[in-house]
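**Q** Can you read through this structure? Questions will come right after.
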Amino acid sequence: MLLKVGFEWIRSKGSHRIYMKEKRRVVVPFHAGKTLHPKIVKQVFKAIGTAD
């Protein structure tokens, strides 16, 4: 989702992935095989500026 809007995966630290676009950084929890909780998805949308 972040890659499609132009963010680049910079690195991983523990169970989090860090994405950047220009000077904006977004940290997303990542657990292989698990779905993100809807609240986390909403927070990501808000962080990238696409939320209501």
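Each chain of the structure tokens is named A, B, ... in the order shown, its residues numbered from 1; ligands are numbered from 1 in display order.
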Please provide as a VMD selection string all residues within 10 Å of stretch 46-49 of chain A, with the sequence filter that same-chain residues fewer than 4 positions apart are discarded (counting only C-alpha atoms).
**A** chain A and resid 2 5 7 21 24 to 27 40 to 42
**Q** Pick out the residues sitting within 7 Å of A:Pro29, and hand them over as a ChimeraX atom specification; count only C-alpha atoms, and ignore anything fewer than 5 positions along from it in its own chain.
**A** /A:15-17
**Q** Would you please give, as JSON, numbers by chain, all residues of stretch 9-51 of chain A that DSSP assigns to strand (DSSP E) based on the backbone?
**A** {"A": [9, 10, 11, 12, 13, 16, 17, 18, 19, 20, 21, 24, 25, 26, 27, 28, 29]}
**Q** Would you please work out which residue, of A:Ile18, A:Val28, A:Lys23, A:Glu8, is nearest to A:Val44 when using only C-alpha atoms?
**A**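 Looking at the shortest contact to A:Val44, the residue is A:Val28.
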**Q** Record the distance separating atom CA of A:Glu22 and atom CA of A:Thr35, expressed in Å with one decimal.
**A** 27.1 Å
